[in-house]
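Heads up, the thing below is written out as structure tokens.
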There are 2 protein chains.
Amino acid sequence: MRAVKSEPEVVVERRRRVPRAEREEQMLAVALPLFAKRGYHSVSVDEVAAGAGVTKPMVYAYFGSKEGLFEACASRAADRLVAELEASAAHHTEAGDRMWHGVLAVFRWIAEHREAWAVLYGAPGSGGSPFAAPAARASDRMARLITEQMEDTLRAHGMGAVAEQHAAPMAHGFVAATIGMGRWWMEHPEEPAELQALRVMQLAWNGIGNVMEGKVWIPPAPR
Amino acid sequence: MRAVKSEPEVVVERRRRVPRAEREEQMLAVALPLFAKRGYHSVSVDEVAAGAGVTKPMVYAYFGSKEGLFEACASRAADRLVAELEASAAHHTEAGDRMWHGVLAVFRWIAEHREAWAVLYGAPGSGGSPFAAPAARASDRMARLITEQMEDTLRAHGMGAVAEQHAAPMAHGFVAATIGMGRWWMEHPEEPAELQALRVMQLAWNGIGNVMEGKVWIPPAPR
DNA sequence: TCCCGTCGGTTACTGCGAGTAACATTACCC
DNA sequence: GGGTAATGTTACTCGCAGTAACCGACGGGA
């Protein structure tokens with residue numbers, strides 16, 4: 001059941017004595033699509049090294065371990081995704097507006113960086129990361145942005161206690177819903193990014209919004 | 001950075017010539033907590049075999065590969081989780097009622113089967129599965145239950161078109177939000193299951209409910 | 001100009017753990 | 001009691017992560 005290992009799609013022109021920063025870029029450029037397509041375990045370090053026009057010990061010299069290489073790929077993807085989101089947040093202040101544009105930014109980013117997305121939150125078949133720490137960090141950072149927004153709004157309404165208890169978990173739920181929708185999208189790629197964003201808002205914004213206005217859903221009385 | 005490999009916490013009394021079904025149980029019982037605690041890659045087949053009072057080739061005889069062993073653990077966990085959910089759904093017919101009790105059932109199951117949950121949807125540090133197919137299947141099955149409920153309700157309101165376009169992705173989003181909340185819970189285990197379920201309903205039920213009643217969220221007009 | 005240190009790079013290994021071939025031993029059933 | 005299927009073992013192969021040890025070019029000083 002071993003994955004077929006084809007030639008890496010990104011192969012770098014073979015030059016000797018390339019400066020470290022540049023060589024690291026090359027390695028990451030080779031590794032990212034490989035990890036995205038075949039997943040962590042069925043990519044070998046030799047393969048990445050060869051794709052970058054170099055031999056294995058160089059990869060270890062620069063990234064320490066295979067795990068380090070993977071984490072570098074994922075961390076960089078996470079940084080870029082979060083940066084996109086932060087940029088979007090900086091342009092919108094009203095809560096709903098900010099959320100909508102943020103979610104939209106995420107789905108547009110996914111569309112433009114499918115491989116990076118696959119490495120971060122990859123589906124079973126293709127990506128899939130044993131070392132999900134960067135993905136978890138990215139989720140946390142995205143959730144934090146939402147959490148802060150919620151806390152501000154709640155405190156402005158005199159609901160500081162609600163903010164402390166529920167803002168963070170709700171924000172995590174929101175982010176999870178977004179990522180889940182992103183996963184679903186990977187299997188239905190014909191749909192536009194806007195529709196996914198709209199569905200996330202449809203699904204989760206009412207809930208978040210209601211909480212921020214002090215409206216709560218009451219469970220049915222037990223029979 | 002190699003994980004410390006302690007003795008497996010489940011070790012089976014050494015008996016010779018145990019029937020296959022029983023030996024398989026033993027192997028799974030040993031493997032599950034190991035995978036849950038240390039993740040797929042840092043558990044060795046030898047270790048599981050030893051814990052089950054047997055040698056490696058027996059594991060291969062019964063599960064085919066390490067991956068097969070892992071998938072057996074995860075599939076069985078998924079089956080049980082979904083069974084719980086289906087049992088709950090059979091007891092409640094009204095949409096909101098059914099959803100509430102379903103979500104509640106999930107969180108109660110998580111509380112009682114933390115290791116199985118970790119193997120299925122495990123967080124980075126602890127569980128974490130390179131082969132997420134069983135987890136994806138479980139998500140799909142849970143989403144399908146919700147999808148069907150939504151489709152029925154929508155069609156009953158004469159909104160068959162909405163049902164076809166949006167029921168499935170919204171249901172996946174709902175499930176993702178639930179799983180995300182479950183992950184968050186693992187890091188805040190002092191809270192009760194009911195609170196997690198309440199938050200999921202708070203977050204996502206308004207959205208699903210609105211859609212089922214034909215209410216939609218309208219994005220802000222672009223400037 | 002020569003020498004020397006650093007940086008980019010290699011060859012050639014070790015070692016662990018997945019996976020297997022081939023063989024051994026009981027239990028059961030006719 | 002003898003054949004056979006199921007349970008089990010020993011003793012390997014092999015791929016790949018990770019490393020030790022060494023190599024050669026370039027850029028400063030002195």
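Letters for chains follow the order of the structure tokens (A, B, ...), residue numbers begin at 1 for each chain, and ligand numbers begin at 1 in the order shown.
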
Please tabulate, as CSV, the residues of chain D that come within 9 Å of chain A, each with its closest pair of atoms and the distance in Å to one decimal, counting only C-alpha atoms (C1' of nucleotides) and ordering rows by chain, then residue number upward.
residue,atom,partner,partner_atom,distance
D:DC16,C1',A:Ser44,CA,7.3
D:DA17,C1',A:Lys66,CA,7.7
D:DG18,C1',A:Ser65,CA,7.8
D:DT19,C1',A:Pro57,CA,8.4
D:DA25,C1',A:Arg17,CA,8.7

Looking only at helix (DSSP H, G or I) from DSSP on the backbone, list the matching residues of stretch 1-92 of chain A as a ChimeraX atom specification. /A:20-38,45-51,56-63,66-90

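One distance worth recording is that between atom CA of A:Gln165 and atom CA of B:Ser88, which is 28.3 Å.
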
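Checking B:Ala143, B:Ala95, B:Ala132, B:Leu203 one by one against A:Ala167, counting only C-alpha atoms, you find the shortest gap at B:Leu203.
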
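When only C-alpha atoms (C1' of nucleotides) are used to measure the gap to chain A, the shortest distance among C:DC16, C:DC29, C:DC23, C:DC7 belongs to C:DC7.
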
Calculate how many Å separate atom CA of A:Arg80 from atom CA of B:Ala168, rounding to one decimal. 29.6 Å

Residues of chain B within 9 Å of chain A, only C-alpha atoms counted, as a count of residues only: 55

Would you mind listing, as a PyMOL selection string, all residues of chain C that have at least one atom within 8 Å of chain B, where only C-alpha atoms (C1' of nucleotides) are what counts? chain C and resi 17-19+26

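Taking atom CA of B:Glu24 and atom CA of B:Arg38 as endpoints, the distance between them is 20.8 Å.
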
Distance query stretch 21-24 of chain D at most 9 Å, only C-alpha atoms (C1' of nucleotides), self and fewer than 4 positions along chain excluded, as an MDAnalysis selection string: chainID C and resid 9:11
